[in-house]
Amino acid sequence: MRLAEAAERLGKNAIAARAFLRAGQLASASGAAADALNVLGRAHRLAPQERSVALLYAQANLQAGNAVRAAALLEPFAESESDAMFLDTYGDALMRSGNLDRAGEIWTASSREKKKE
C-alpha cells in the first residue's frame, strides 16, 4: 500500500495501479473482501483501461453483491475478449444483474473457448 500511495502522489499512475492491484489481490486472498473492493477500486480509478484491473475489480464487486457494477466494468472489454475466466465472470455478472439473454450469449462463447483449450 505504501508503494501504491507513494506512486500515486508522484503521478506514476501505472505503478500505483499495479501496486493497488497486488494489494487488492492480497486482501482478497486473506478474506478481507471490503478492503479488497476498496483497494481494487483505487486501482481501477487510476487505470480504467486495464483489463486485468477491471476483471479483478468486477470479481470483487460480484462478491460484494454489486452485479450491475461488475457487468458495467467488464462491458468495454467484452467484444474483443476470448478468455474463459473473463467470459465466465462477465456472464455471471450479467446473469445476476438480470440480463439473462446476454449472459447466455457470453456463456456460449465461453463454452466454445473452453473446447478449444
# chains A, B, ... in the order shown; residues from 1 in each chain; ligands from 1

$ residues_around --residues "Tyr57 in chain A" --least-positions-apart "4" --cutoff "10 Å" --atoms "only C-alpha atoms" --output "list in words"
Leu21, Gly24, Gln25, Ala36, Leu37, Asn38, Val39, Leu40, Gly41, Arg42, Ala43, His44, Arg51, Ser52, Val53, Asn61, Leu62, Gln63, Arg69, Ala70, Leu73 and Leu74 of chain A

$ write_last_selection --atoms "N, CA and C atoms" --output "compact mmCIF listing (two decimals), in the first residue's frame"
# COMPACT_ATOMS: atom_id res chain seq x y z
N LEU A 21 -3.42 -3.03 -7.29
CA LEU A 21 -3.95 -4.31 -7.77
C LEU A 21 -3.40 -5.46 -6.93
N GLY A 24 -4.87 -5.43 -3.50
CA GLY A 24 -6.23 -5.93 -3.55
C GLY A 24 -6.28 -7.44 -3.64
N GLN A 25 -5.38 -8.02 -4.42
CA GLN A 25 -5.30 -9.48 -4.51
C GLN A 25 -4.96 -10.08 -3.15
N ALA A 36 -10.43 -5.38 -0.11
CA ALA A 36 -10.09 -5.69 -1.49
C ALA A 36 -10.91 -4.84 -2.46
N LEU A 37 -12.19 -4.70 -2.19
CA LEU A 37 -13.06 -3.89 -3.05
C LEU A 37 -12.57 -2.44 -3.08
N ASN A 38 -12.23 -1.90 -1.94
CA ASN A 38 -11.75 -0.52 -1.85
C ASN A 38 -10.44 -0.33 -2.61
N VAL A 39 -9.49 -1.20 -2.37
CA VAL A 39 -8.17 -1.07 -2.99
C VAL A 39 -8.24 -1.31 -4.50
N LEU A 40 -9.00 -2.30 -4.91
CA LEU A 40 -9.16 -2.55 -6.34
C LEU A 40 -9.88 -1.40 -7.03
N GLY A 41 -10.79 -0.76 -6.32
CA GLY A 41 -11.44 0.43 -6.84
C GLY A 41 -10.45 1.56 -7.08
N ARG A 42 -9.50 1.69 -6.19
CA ARG A 42 -8.45 2.71 -6.37
C ARG A 42 -7.60 2.38 -7.59
N ALA A 43 -7.28 1.12 -7.76
CA ALA A 43 -6.51 0.70 -8.94
C ALA A 43 -7.28 1.00 -10.22
N HIS A 44 -8.57 0.71 -10.21
CA HIS A 44 -9.40 0.95 -11.39
C HIS A 44 -9.52 2.43 -11.72
N ARG A 51 -7.49 -4.22 -18.53
CA ARG A 51 -8.41 -5.35 -18.45
C ARG A 51 -8.25 -6.12 -17.14
N SER A 52 -7.01 -6.38 -16.73
CA SER A 52 -6.79 -7.17 -15.51
C SER A 52 -7.32 -6.45 -14.28
N VAL A 53 -7.16 -5.14 -14.25
CA VAL A 53 -7.69 -4.35 -13.13
C VAL A 53 -9.21 -4.42 -13.13
N ASN A 61 -16.58 -6.81 -6.91
CA ASN A 61 -17.94 -6.27 -6.90
C ASN A 61 -18.98 -7.38 -6.89
N LEU A 62 -18.74 -8.43 -7.65
CA LEU A 62 -19.66 -9.58 -7.63
C LEU A 62 -19.74 -10.19 -6.24
N GLN A 63 -18.59 -10.36 -5.63
CA GLN A 63 -18.54 -10.94 -4.29
C GLN A 63 -19.30 -10.06 -3.29
N ARG A 69 -22.75 -3.24 -11.30
CA ARG A 69 -21.44 -2.55 -11.40
C ARG A 69 -20.41 -3.46 -12.04
N ALA A 70 -20.38 -4.74 -11.67
CA ALA A 70 -19.42 -5.68 -12.24
C ALA A 70 -19.60 -5.81 -13.75
N LEU A 73 -18.31 -2.73 -15.53
CA LEU A 73 -16.85 -2.67 -15.57
C LEU A 73 -16.28 -3.52 -16.71
N LEU A 74 -16.92 -4.65 -16.99
CA LEU A 74 -16.40 -5.58 -17.99
C LEU A 74 -16.90 -5.30 -19.40

$ select_by_dssp --residues "chain A" --states "helix (DSSP H, G or I)" --output "compact mmCIF listing (two decimals) with N, CA, C and O atoms, in the first residue's frame"
# COMPACT_ATOMS: atom_id res chain seq x y z
N ARG A 2 1.99 1.20 0.72
CA ARG A 2 2.86 2.38 0.76
C ARG A 2 3.40 2.70 -0.63
O ARG A 2 3.46 3.86 -1.02
N LEU A 3 3.81 1.66 -1.35
CA LEU A 3 4.31 1.86 -2.71
C LEU A 3 3.22 2.46 -3.59
O LEU A 3 3.46 3.42 -4.33
N ALA A 4 2.03 1.92 -3.51
CA ALA A 4 0.91 2.41 -4.33
C ALA A 4 0.61 3.87 -4.02
O ALA A 4 0.44 4.68 -4.94
N GLU A 5 0.55 4.21 -2.76
CA GLU A 5 0.22 5.58 -2.38
C GLU A 5 1.33 6.55 -2.75
O GLU A 5 1.07 7.67 -3.21
N ALA A 6 2.59 6.12 -2.60
CA ALA A 6 3.71 6.99 -3.00
C ALA A 6 3.71 7.20 -4.51
O ALA A 6 3.89 8.33 -4.98
N ALA A 7 3.51 6.14 -5.26
CA ALA A 7 3.47 6.26 -6.71
C ALA A 7 2.32 7.15 -7.15
O ALA A 7 2.46 7.96 -8.08
N GLU A 8 1.19 7.03 -6.48
CA GLU A 8 0.03 7.87 -6.82
C GLU A 8 0.35 9.34 -6.56
O GLU A 8 0.03 10.20 -7.39
N ARG A 9 0.98 9.63 -5.43
CA ARG A 9 1.36 11.02 -5.13
C ARG A 9 2.32 11.59 -6.16
O ARG A 9 2.26 12.78 -6.48
N ASN A 13 0.89 6.73 -12.29
CA ASN A 13 -0.37 6.00 -12.19
C ASN A 13 -0.27 4.53 -12.54
O ASN A 13 -0.93 3.70 -11.94
N ALA A 14 0.55 4.18 -13.52
CA ALA A 14 0.68 2.77 -13.90
C ALA A 14 1.27 1.96 -12.75
O ALA A 14 0.79 0.87 -12.44
N ILE A 15 2.30 2.49 -12.13
CA ILE A 15 2.93 1.80 -11.00
C ILE A 15 1.96 1.74 -9.82
O ILE A 15 1.81 0.70 -9.17
N ALA A 16 1.29 2.85 -9.56
CA ALA A 16 0.32 2.89 -8.45
C ALA A 16 -0.80 1.88 -8.68
O ALA A 16 -1.18 1.15 -7.76
N ALA A 17 -1.32 1.83 -9.89
CA ALA A 17 -2.41 0.90 -10.19
C ALA A 17 -1.96 -0.54 -9.98
O ALA A 17 -2.70 -1.34 -9.40
N ARG A 18 -0.77 -0.89 -10.45
CA ARG A 18 -0.27 -2.26 -10.26
C ARG A 18 -0.07 -2.59 -8.79
O ARG A 18 -0.38 -3.70 -8.35
N ALA A 19 0.43 -1.64 -8.03
CA ALA A 19 0.63 -1.87 -6.60
C ALA A 19 -0.72 -2.01 -5.87
O ALA A 19 -0.87 -2.88 -5.01
N PHE A 20 -1.69 -1.16 -6.22
CA PHE A 20 -3.02 -1.30 -5.64
C PHE A 20 -3.65 -2.63 -6.05
O PHE A 20 -4.32 -3.29 -5.24
N LEU A 21 -3.42 -3.03 -7.29
CA LEU A 21 -3.95 -4.31 -7.77
C LEU A 21 -3.40 -5.46 -6.93
O LEU A 21 -4.15 -6.33 -6.47
N ARG A 22 -2.11 -5.45 -6.70
CA ARG A 22 -1.49 -6.52 -5.89
C ARG A 22 -2.00 -6.48 -4.45
O ARG A 22 -2.30 -7.52 -3.86
N ALA A 23 -2.12 -5.29 -3.90
CA ALA A 23 -2.65 -5.17 -2.53
C ALA A 23 -4.09 -5.69 -2.47
O ALA A 23 -4.47 -6.35 -1.50
N GLY A 24 -4.87 -5.43 -3.50
CA GLY A 24 -6.23 -5.93 -3.55
C GLY A 24 -6.28 -7.44 -3.64
O GLY A 24 -7.12 -8.08 -3.01
N GLN A 25 -5.38 -8.02 -4.42
CA GLN A 25 -5.30 -9.48 -4.51
C GLN A 25 -4.96 -10.08 -3.15
O GLN A 25 -5.55 -11.09 -2.75
N LEU A 26 -4.01 -9.48 -2.45
CA LEU A 26 -3.62 -9.98 -1.13
C LEU A 26 -4.77 -9.84 -0.13
O LEU A 26 -5.01 -10.76 0.66
N ALA A 27 -5.48 -8.73 -0.18
CA ALA A 27 -6.61 -8.53 0.72
C ALA A 27 -7.70 -9.56 0.43
O ALA A 27 -8.28 -10.14 1.35
N SER A 28 -7.95 -9.81 -0.84
CA SER A 28 -8.97 -10.79 -1.22
C SER A 28 -8.58 -12.19 -0.75
O SER A 28 -9.40 -12.92 -0.21
N ALA A 29 -7.33 -12.54 -0.95
CA ALA A 29 -6.85 -13.87 -0.55
C ALA A 29 -6.90 -14.07 0.96
O ALA A 29 -7.09 -15.20 1.42
N ALA A 33 -12.69 -8.94 2.12
CA ALA A 33 -13.40 -8.58 0.89
C ALA A 33 -13.66 -7.08 0.78
O ALA A 33 -13.52 -6.51 -0.31
N ALA A 34 -14.03 -6.43 1.85
CA ALA A 34 -14.31 -5.00 1.80
C ALA A 34 -13.04 -4.20 1.49
O ALA A 34 -13.07 -3.25 0.69
N ASP A 35 -11.94 -4.60 2.10
CA ASP A 35 -10.66 -3.93 1.82
C ASP A 35 -10.25 -4.16 0.37
O ASP A 35 -9.78 -3.24 -0.30
N ALA A 36 -10.43 -5.38 -0.11
CA ALA A 36 -10.09 -5.69 -1.49
C ALA A 36 -10.91 -4.84 -2.46
O ALA A 36 -10.37 -4.28 -3.42
N LEU A 37 -12.19 -4.70 -2.19
CA LEU A 37 -13.06 -3.89 -3.05
C LEU A 37 -12.57 -2.44 -3.08
O LEU A 37 -12.48 -1.83 -4.15
N ASN A 38 -12.23 -1.90 -1.94
CA ASN A 38 -11.75 -0.52 -1.85
C ASN A 38 -10.44 -0.33 -2.61
O ASN A 38 -10.30 0.59 -3.42
N VAL A 39 -9.49 -1.20 -2.37
CA VAL A 39 -8.17 -1.07 -2.99
C VAL A 39 -8.24 -1.31 -4.50
O VAL A 39 -7.61 -0.58 -5.28
N LEU A 40 -9.00 -2.30 -4.91
CA LEU A 40 -9.16 -2.55 -6.34
C LEU A 40 -9.88 -1.40 -7.03
O LEU A 40 -9.61 -1.08 -8.19
N GLY A 41 -10.79 -0.76 -6.32
CA GLY A 41 -11.44 0.43 -6.84
C GLY A 41 -10.45 1.56 -7.08
O GLY A 41 -10.53 2.27 -8.09
N ARG A 42 -9.50 1.69 -6.19
CA ARG A 42 -8.45 2.71 -6.37
C ARG A 42 -7.60 2.38 -7.59
O ARG A 42 -7.26 3.27 -8.37
N ALA A 43 -7.28 1.12 -7.76
CA ALA A 43 -6.51 0.70 -8.94
C ALA A 43 -7.28 1.00 -10.22
O ALA A 43 -6.72 1.51 -11.20
N HIS A 44 -8.57 0.71 -10.21
CA HIS A 44 -9.40 0.95 -11.39
C HIS A 44 -9.52 2.43 -11.72
O HIS A 44 -9.51 2.81 -12.89
N ARG A 45 -9.62 3.28 -10.70
CA ARG A 45 -9.69 4.71 -10.97
C ARG A 45 -8.42 5.21 -11.65
O ARG A 45 -8.46 6.13 -12.46
N LEU A 46 -7.28 4.61 -11.33
CA LEU A 46 -6.01 5.02 -11.93
C LEU A 46 -5.79 4.42 -13.31
O LEU A 46 -5.08 4.99 -14.13
N ARG A 51 -7.49 -4.22 -18.53
CA ARG A 51 -8.41 -5.35 -18.45
C ARG A 51 -8.25 -6.12 -17.14
O ARG A 51 -9.23 -6.48 -16.50
N SER A 52 -7.01 -6.38 -16.73
CA SER A 52 -6.79 -7.17 -15.51
C SER A 52 -7.32 -6.45 -14.28
O SER A 52 -7.89 -7.07 -13.38
N VAL A 53 -7.16 -5.14 -14.25
CA VAL A 53 -7.69 -4.35 -13.13
C VAL A 53 -9.21 -4.42 -13.13
O VAL A 53 -9.83 -4.65 -12.09
N ALA A 54 -9.81 -4.22 -14.30
CA ALA A 54 -11.27 -4.26 -14.40
C ALA A 54 -11.82 -5.63 -14.00
O ALA A 54 -12.84 -5.71 -13.31
N LEU A 55 -11.14 -6.69 -14.42
CA LEU A 55 -11.60 -8.04 -14.10
C LEU A 55 -11.58 -8.30 -12.60
O LEU A 55 -12.56 -8.78 -12.02
N LEU A 56 -10.48 -7.98 -11.95
CA LEU A 56 -10.40 -8.23 -10.51
C LEU A 56 -11.35 -7.33 -9.72
O LEU A 56 -11.96 -7.76 -8.73
N TYR A 57 -11.50 -6.10 -10.17
CA TYR A 57 -12.45 -5.20 -9.51
C TYR A 57 -13.88 -5.69 -9.72
O TYR A 57 -14.70 -5.66 -8.79
N ALA A 58 -14.17 -6.18 -10.90
CA ALA A 58 -15.51 -6.74 -11.16
C ALA A 58 -15.77 -7.96 -10.29
O ALA A 58 -16.86 -8.12 -9.75
N GLN A 59 -14.77 -8.84 -10.15
CA GLN A 59 -14.93 -10.01 -9.30
C GLN A 59 -15.19 -9.61 -7.85
O GLN A 59 -16.04 -10.19 -7.17
N ALA A 60 -14.49 -8.58 -7.38
CA ALA A 60 -14.72 -8.09 -6.02
C ALA A 60 -16.12 -7.50 -5.88
O ALA A 60 -16.79 -7.69 -4.86
N ASN A 61 -16.58 -6.81 -6.91
CA ASN A 61 -17.94 -6.27 -6.90
C ASN A 61 -18.98 -7.38 -6.89
O ASN A 61 -19.98 -7.29 -6.18
N LEU A 62 -18.74 -8.43 -7.65
CA LEU A 62 -19.66 -9.58 -7.63
C LEU A 62 -19.74 -10.19 -6.24
O LEU A 62 -20.82 -10.50 -5.75
N GLN A 63 -18.59 -10.36 -5.63
CA GLN A 63 -18.54 -10.94 -4.29
C GLN A 63 -19.30 -10.06 -3.29
O GLN A 63 -19.92 -10.56 -2.36
N ALA A 67 -23.62 -6.75 -8.81
CA ALA A 67 -23.56 -7.37 -10.14
C ALA A 67 -23.69 -6.36 -11.27
O ALA A 67 -23.00 -6.49 -12.29
N VAL A 68 -24.53 -5.37 -11.12
CA VAL A 68 -24.70 -4.36 -12.17
C VAL A 68 -23.39 -3.62 -12.39
O VAL A 68 -22.96 -3.40 -13.53
N ARG A 69 -22.75 -3.24 -11.30
CA ARG A 69 -21.44 -2.55 -11.40
C ARG A 69 -20.41 -3.46 -12.04
O ARG A 69 -19.63 -3.03 -12.89
N ALA A 70 -20.38 -4.74 -11.67
CA ALA A 70 -19.42 -5.68 -12.24
C ALA A 70 -19.60 -5.81 -13.75
O ALA A 70 -18.63 -5.77 -14.52
N ALA A 71 -20.84 -5.93 -14.19
CA ALA A 71 -21.11 -6.04 -15.63
C ALA A 71 -20.68 -4.77 -16.36
O ALA A 71 -20.08 -4.84 -17.44
N ALA A 72 -20.93 -3.62 -15.77
CA ALA A 72 -20.55 -2.35 -16.39
C ALA A 72 -19.03 -2.22 -16.51
O ALA A 72 -18.52 -1.69 -17.50
N LEU A 73 -18.31 -2.73 -15.53
CA LEU A 73 -16.85 -2.67 -15.57
C LEU A 73 -16.28 -3.52 -16.71
O LEU A 73 -15.27 -3.16 -17.32
N LEU A 74 -16.92 -4.65 -16.99
CA LEU A 74 -16.40 -5.58 -17.99
C LEU A 74 -16.90 -5.30 -19.40
O LEU A 74 -16.28 -5.72 -20.37
N GLU A 75 -18.00 -4.60 -19.52
CA GLU A 75 -18.61 -4.32 -20.82
C GLU A 75 -17.64 -3.75 -21.85
O GLU A 75 -17.63 -4.21 -23.00
N PRO A 76 -16.79 -2.78 -21.51
CA PRO A 76 -15.90 -2.21 -22.52
C PRO A 76 -14.91 -3.21 -23.13
O PRO A 76 -14.41 -3.00 -24.23
N PHE A 77 -14.65 -4.30 -22.45
CA PHE A 77 -13.68 -5.29 -22.91
C PHE A 77 -14.34 -6.50 -23.58
O PHE A 77 -13.66 -7.33 -24.17
N ALA A 78 -15.64 -6.61 -23.47
CA ALA A 78 -16.36 -7.84 -23.82
C ALA A 78 -16.27 -8.22 -25.29
O ALA A 78 -16.14 -9.40 -25.62
N ALA A 84 -11.63 -17.48 -21.12
CA ALA A 84 -12.74 -18.16 -20.47
C ALA A 84 -13.05 -17.59 -19.09
O ALA A 84 -14.22 -17.44 -18.73
N MET A 85 -12.04 -17.24 -18.31
CA MET A 85 -12.28 -16.69 -16.97
C MET A 85 -13.00 -15.35 -17.08
O MET A 85 -13.95 -15.08 -16.34
N PHE A 86 -12.57 -14.51 -18.01
CA PHE A 86 -13.24 -13.23 -18.22
C PHE A 86 -14.69 -13.46 -18.61
O PHE A 86 -15.60 -12.85 -18.05
N LEU A 87 -14.91 -14.34 -19.60
CA LEU A 87 -16.26 -14.58 -20.09
C LEU A 87 -17.16 -15.16 -19.00
O LEU A 87 -18.33 -14.80 -18.89
N ASP A 88 -16.62 -16.06 -18.18
CA ASP A 88 -17.42 -16.63 -17.08
C ASP A 88 -17.81 -15.55 -16.07
O ASP A 88 -18.95 -15.50 -15.60
N THR A 89 -16.86 -14.68 -15.73
CA THR A 89 -17.14 -13.61 -14.77
C THR A 89 -18.17 -12.64 -15.34
O THR A 89 -19.12 -12.25 -14.66
N TYR A 90 -17.98 -12.28 -16.60
CA TYR A 90 -18.91 -11.35 -17.25
C TYR A 90 -20.30 -11.98 -17.35
O TYR A 90 -21.31 -11.34 -17.04
N GLY A 91 -20.36 -13.24 -17.74
CA GLY A 91 -21.64 -13.94 -17.82
C GLY A 91 -22.34 -14.01 -16.47
O GLY A 91 -23.56 -13.81 -16.38
N ASP A 92 -21.57 -14.28 -15.43
CA ASP A 92 -22.13 -14.32 -14.07
C ASP A 92 -22.68 -12.96 -13.67
O ASP A 92 -23.78 -12.86 -13.11
N ALA A 93 -21.93 -11.90 -13.97
CA ALA A 93 -22.38 -10.55 -13.64
C ALA A 93 -23.67 -10.21 -14.39
O ALA A 93 -24.59 -9.63 -13.81
N LEU A 94 -23.71 -10.58 -15.65
CA LEU A 94 -24.92 -10.32 -16.44
C LEU A 94 -26.12 -11.09 -15.90
O LEU A 94 -27.22 -10.55 -15.78
N MET A 95 -25.91 -12.36 -15.57
CA MET A 95 -27.00 -13.17 -15.03
C MET A 95 -27.51 -12.60 -13.72
O MET A 95 -28.72 -12.42 -13.54
N ARG A 96 -26.60 -12.28 -12.81
CA ARG A 96 -27.01 -11.75 -11.50
C ARG A 96 -27.67 -10.38 -11.61
O ARG A 96 -28.44 -10.01 -10.72
N LEU A 100 -30.35 -11.90 -18.73
CA LEU A 100 -30.21 -13.33 -18.99
C LEU A 100 -29.89 -13.66 -20.44
O LEU A 100 -29.12 -14.59 -20.71
N ASP A 101 -30.46 -12.94 -21.38
CA ASP A 101 -30.18 -13.22 -22.79
C ASP A 101 -28.71 -13.00 -23.12
O ASP A 101 -28.07 -13.85 -23.74
N ARG A 102 -28.19 -11.86 -22.68
CA ARG A 102 -26.77 -11.56 -22.94
C ARG A 102 -25.88 -12.54 -22.19
O ARG A 102 -24.85 -12.97 -22.71
N ALA A 103 -26.25 -12.92 -20.98
CA ALA A 103 -25.46 -13.89 -20.21
C ALA A 103 -25.37 -15.21 -20.97
O ALA A 103 -24.29 -15.83 -21.03
N GLY A 104 -26.48 -15.65 -21.55
CA GLY A 104 -26.47 -16.88 -22.33
C GLY A 104 -25.53 -16.80 -23.52
O GLY A 104 -24.81 -17.76 -23.82
N GLU A 105 -25.51 -15.66 -24.19
CA GLU A 105 -24.59 -15.46 -25.32
C GLU A 105 -23.14 -15.56 -24.86
O GLU A 105 -22.31 -16.19 -25.52
N ILE A 106 -22.85 -14.94 -23.74
CA ILE A 106 -21.48 -14.93 -23.22
C ILE A 106 -21.07 -16.34 -22.80
O ILE A 106 -19.96 -16.79 -23.08
N TRP A 107 -21.95 -17.07 -22.15
CA TRP A 107 -21.61 -18.43 -21.72
C TRP A 107 -21.45 -19.37 -22.91
O TRP A 107 -20.65 -20.29 -22.87
N THR A 108 -22.18 -19.13 -23.97
CA THR A 108 -21.99 -19.92 -25.19
C THR A 108 -20.60 -19.67 -25.75
O THR A 108 -19.89 -20.60 -26.13
N ALA A 109 -20.19 -18.40 -25.79
CA ALA A 109 -18.85 -18.06 -26.25
C ALA A 109 -17.79 -18.66 -25.34
O ALA A 109 -16.76 -19.17 -25.80
N SER A 110 -18.03 -18.62 -24.04
CA SER A 110 -17.09 -19.20 -23.08
C SER A 110 -16.95 -20.71 -23.29
O SER A 110 -15.84 -21.25 -23.26
N SER A 111 -18.06 -21.37 -23.53
CA SER A 111 -18.05 -22.81 -23.77
C SER A 111 -17.21 -23.14 -25.01
O SER A 111 -16.43 -24.10 -25.01
N ARG A 112 -17.36 -22.34 -26.06
CA ARG A 112 -16.58 -22.54 -27.27
C ARG A 112 -15.09 -22.40 -26.99
O ARG A 112 -14.28 -23.17 -27.47
N GLU A 113 -14.74 -21.38 -26.19
CA GLU A 113 -13.33 -21.15 -25.87
C GLU A 113 -12.76 -22.28 -25.03
O GLU A 113 -11.61 -22.69 -25.23
N LYS A 114 -13.54 -22.81 -24.11
CA LYS A 114 -13.07 -23.92 -23.28
C LYS A 114 -12.82 -25.19 -24.12
O LYS A 114 -11.92 -25.95 -23.84
N LYS A 115 -13.64 -25.39 -25.15
CA LYS A 115 -13.46 -26.56 -26.02
C LYS A 115 -12.18 -26.45 -26.83
O LYS A 115 -11.57 -27.45 -27.18
N LYS A 116 -11.74 -25.22 -27.12
CA LYS A 116 -10.51 -25.00 -27.87
C LYS A 116 -9.27 -25.35 -27.06
O LYS A 116 -8.25 -25.68 -27.59

$ atom_distance --atom1 "CA of Met1 in chain A" --atom2 "CA of Asn66 in chain A"
24.4 Å

$ atom_distance --atom1 "CA of Asp83 in chain A" --atom2 "CA of Ala47 in chain A"
20.1 Å
